[in-house]
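Please read the structure below before turning to the comments.
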Amino acid sequence: GHGGAGGFGGGGGGRGNQRTATAGVGGFGAGTGGGSTGANGGGGGLGAGGAIFNHQGTLSLLNTTLSGNTAAGGSGGINATSGQGLGGGIFNLNGSVSLSFSTLARNTAANGGGEVFNLSHEAASGITAQAAALTLSNSILALSTGGVDALVNQQRAGAAAATVTATDPNIVDTLSNLGGAVNGSGILTTNPQLGAFADNGGPTQTLALLTGSPAINAGTNAGCPATDQRGFTRPQPSGGACDLGAYEFAPTTTVLAAAPNPAVLAQTVALTATVSPNTATGTVNFQEGGSALTCAEGAQPRPLSGDSATCTVTGGFGVGAHAFTADYTSDNGYAPSQGTTNLEVLATTAQGDGGGGSVTAAITGGACIGFANGSTSFPAPPTPLPPGVTFPYGLFGFTALCPPGGTLTLTMTYPNPLPPGTQYWKYGPTADNNTPHWYVLPATLAGNTATFTITDGGLGDDDLAADGDIVDQGGPGVPSFVDTAAGIPTLHEWALLLLSALFGGLLWQGRRRFG
């Protein structure tokens with residue numbers, strides 16, 4: 001006998017037991033029955049419309065997401081072929097479908113139309129010839145799995161028109177037109193950059209638009225619903241353009257600040273992230289260089305309280321520059337955002353050797369915060385030196401960061417006691433002489449220390465401006481006839497000659513008296 005012919009999408013019949021029998025032929029998209037000798041199975045039936053099969057009906061979707069659906073044909077029997085899978089999201093047969101502000105993505109169809117298959121079929125058993133019309137408005141059809149086109153528009157021979165109309169903007173990443181018509185210029189073939197199918201707020205799961213998605217602000221406001229699928233207000237921000245698809249991107253801004261900034265070595269620092277708009281809720285993760293910080297408030301991520309979250313780091317940070325990030329993650333449908341800030345940690349001491357041994361400089365008073373990073377040095381004194389003065393320990397140069405007009409008290413500690421007659425000399429400009437020159441800076445010298453105070457913009461500040469930093473270089477100037485190691489005066493060689501002559505004269509006078 002002969003195998004039967006299937007109706008629309010029906011599988012082909014199996015072969016009979018006569019050697020002259022032919023295989024059964026299936027309907028549109030169906031498999032063909034076995035055609036070899038012996039007993040054989042029927043062909044698989046068509047699998048169409050993973051989510052929706054619209055047959056000669058009228059379908060309208062607004063603010064709707066279809067994702068994760070599959071259209072797969074039935075398996076064929078022995079020596080038979082399987083049916084096709086068409087229209088992973090929607091299969092439209094001689095009907096009318098309108099998609100507005102909807103997202104169809106990551107659906108699967110084995111043989112075409114991963115998101116939508118629009119088919120105009122000729123009259124057949126159970127089918128009335130009728131046009132197939134698909135209208136797209138501000139929608140997304142993309143990211144079909146299995147390597148098939150997202151949209152297939154097919155008009156079969158002898159069938160009415162198969163049309164796709166897209167006058168408003170849409171994203172359709174791949175499209176195949178087989179004999180039909182595509183009207184309008186509102187199709188953008190690009191990756192819409194969608195997140196995973198997830199709970200992004202609202203009563204149902206959605207596909208979020210990722211930051212930078214071409215769908216953001218790409219829609220038209222005419223016909224845009226007041227809210228998206230989740231109930232979020234459209235457009236975001238107010239006054240802008242609506243987004244394509246069922247999800248309205250709700251941007252956030254995260255601003256990160258560190259206090260105090262600058263800080264000093266080992267000082268407690270508080271990092272505060274402020275997220276706007278203040279209707280956003282969720283958590284913030286604080287990091288430095290990709291590593292999570294240890295917050296005194298508790299484990300990370302830190303929850304928003306109001307519009308901010310804080311991470312306090314006790315024990316502080318090492319001297320130098322530090323870069324931090326704060327990553328906001330929403331739990332009520334807002335887009336993530338990141339804030340960044342930099343922190344300078346300053347030292348309040350410095351140590352070096354200007355040629356006479358180790359010297360330590362320490363900020364011991366005043367309002368200044370610390371030494372600017374990389375600003376301290378122990379240079380040799382500029383020449384010519386002040387007459388009759390030597391600098392056995394060189395100079396100490398620095399820039400201190402202060403409140404404008406603030407004061408700095410600095411204590412210098414040297415390896416040996418400072419001899420009598422030592423003064424603290426400064427090299428730089430003064431208010432009455434802008435050319436750098438030597439002058440004595442008032443200081444208190446005691447034992448092996450020198451302590452002095454400089455006011456931002458005052459005497460001793462090289463830039464002579466109350467601008468928030470003090471620039472200085474100076475050091476202890478010792479009279480040339482002083483032994484700096486012993487800390488006591490020594491006699492100059494000419495004085496020794498004079499003393500020798502005087503002693504010789506006294507000796508000669510004594511000899512005459514007793515001669």
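Here, A, B, ... name the chains of the structure tokens in the order displayed, residue numbers run from 1 inside each chain, and ligands are numbered from 1 in the same displayed order.
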From region 86-177 of chain A, collect each residue whose DSSP state is strand (DSSP E) and return the set as a ChimeraX atom specification.
/A:86,90-93,96-100,103-105,108-109,116-120,132-137,140-142,151-155,162-165,170-172,175-177
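Residues within 9 Å of Asp331 (chain A), counting only C-alpha atoms and excluding same-chain residues fewer than 2 positions away, are Asp199, Asn200, Gly201, Ala280, Thr281, Gly282, Thr283, Thr329, Gly333 and Tyr334 of chain A.
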Using C-alpha atoms, can you write the selected residues to a file as an mmCIF file, in the first residue's frame?
data_model
loop_
_atom_site.group_PDB
_atom_site.id
_atom_site.type_symbol
_atom_site.label_atom_id
_atom_site.label_comp_id
_atom_site.auth_asym_id
_atom_site.auth_seq_id
_atom_site.Cartn_x
_atom_site.Cartn_y
_atom_site.Cartn_z
ATOM 1 C CA ASP A 199 13.518 38.970 38.368
ATOM 2 C CA ASN A 200 14.193 42.619 37.655
ATOM 3 C CA GLY A 201 11.311 43.865 39.757
ATOM 4 C CA ALA A 280 16.584 52.706 44.205
ATOM 5 C CA THR A 281 17.216 50.016 46.797
ATOM 6 C CA GLY A 282 19.798 47.269 46.962
ATOM 7 C CA THR A 283 23.405 46.835 48.008
ATOM 8 C CA THR A 329 23.285 46.280 42.609
ATOM 9 C CA GLY A 333 14.677 46.790 39.125
ATOM 10 C CA TYR A 334 17.089 49.675 38.714
#
Report as a PDB file with C-alpha atoms, in the first residue's frame all protein, DNA and RNA residues lying within 9 Å of Leu459 (chain A), evaluated on only C-alpha atoms, omitting residues in the same chain fewer than 6 positions from it.
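Output file part.pdb is given in full below:
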ATOM      1  CA  PRO A 429      62.193  83.596  48.359  1.00  0.00           C
ATOM      2  CA  THR A 430      60.737  85.986  50.910  1.00  0.00           C
ATOM      3  CA  ALA A 431      58.042  88.623  50.670  1.00  0.00           C
ATOM      4  CA  LEU A 441      64.236  80.905  60.018  1.00  0.00           C
TER       5      LEU A 441
END
List the neighbours of Ala123 (chain A) out to 12 Å using only C-alpha atoms; skip same-chain residues closer than 2 positions along the sequence, and give me the result as a list in words.
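That gives Gly7, Phe8, Phe28, Leu93, Asn94, Ser120, His121, Ser125, Gly126, Ile127, Thr128, Ala129, Gln130, Ala131, Arg156, Ala157, Gly158, Ala159 and Ala160 of chain A.
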Close residues, region 257-274 of chain A itself excluded, 10 Å, only C-alpha atoms, min 6 positions apart in chain, as JSON, numbers by chain:
{"A": [284, 285, 286, 295, 296, 302, 304, 305, 306, 307, 308, 309, 310, 311, 312, 313, 314, 315, 316, 317, 318, 319, 320, 321, 324, 325, 326, 327, 328, 338, 339, 340, 341, 342, 343, 344, 345, 346, 347, 348, 349, 369, 370, 371, 372, 401, 402]}
Closest of A:Gly245, A:Gly355, A:Gly83, A:Gly114 to Ala51 (chain A) - atom-to-atom distances counting only C-alpha atoms:
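Ranking A:Gly245, A:Gly355, A:Gly83, A:Gly114 by distance to Ala51 (chain A), first place goes to A:Gly114.
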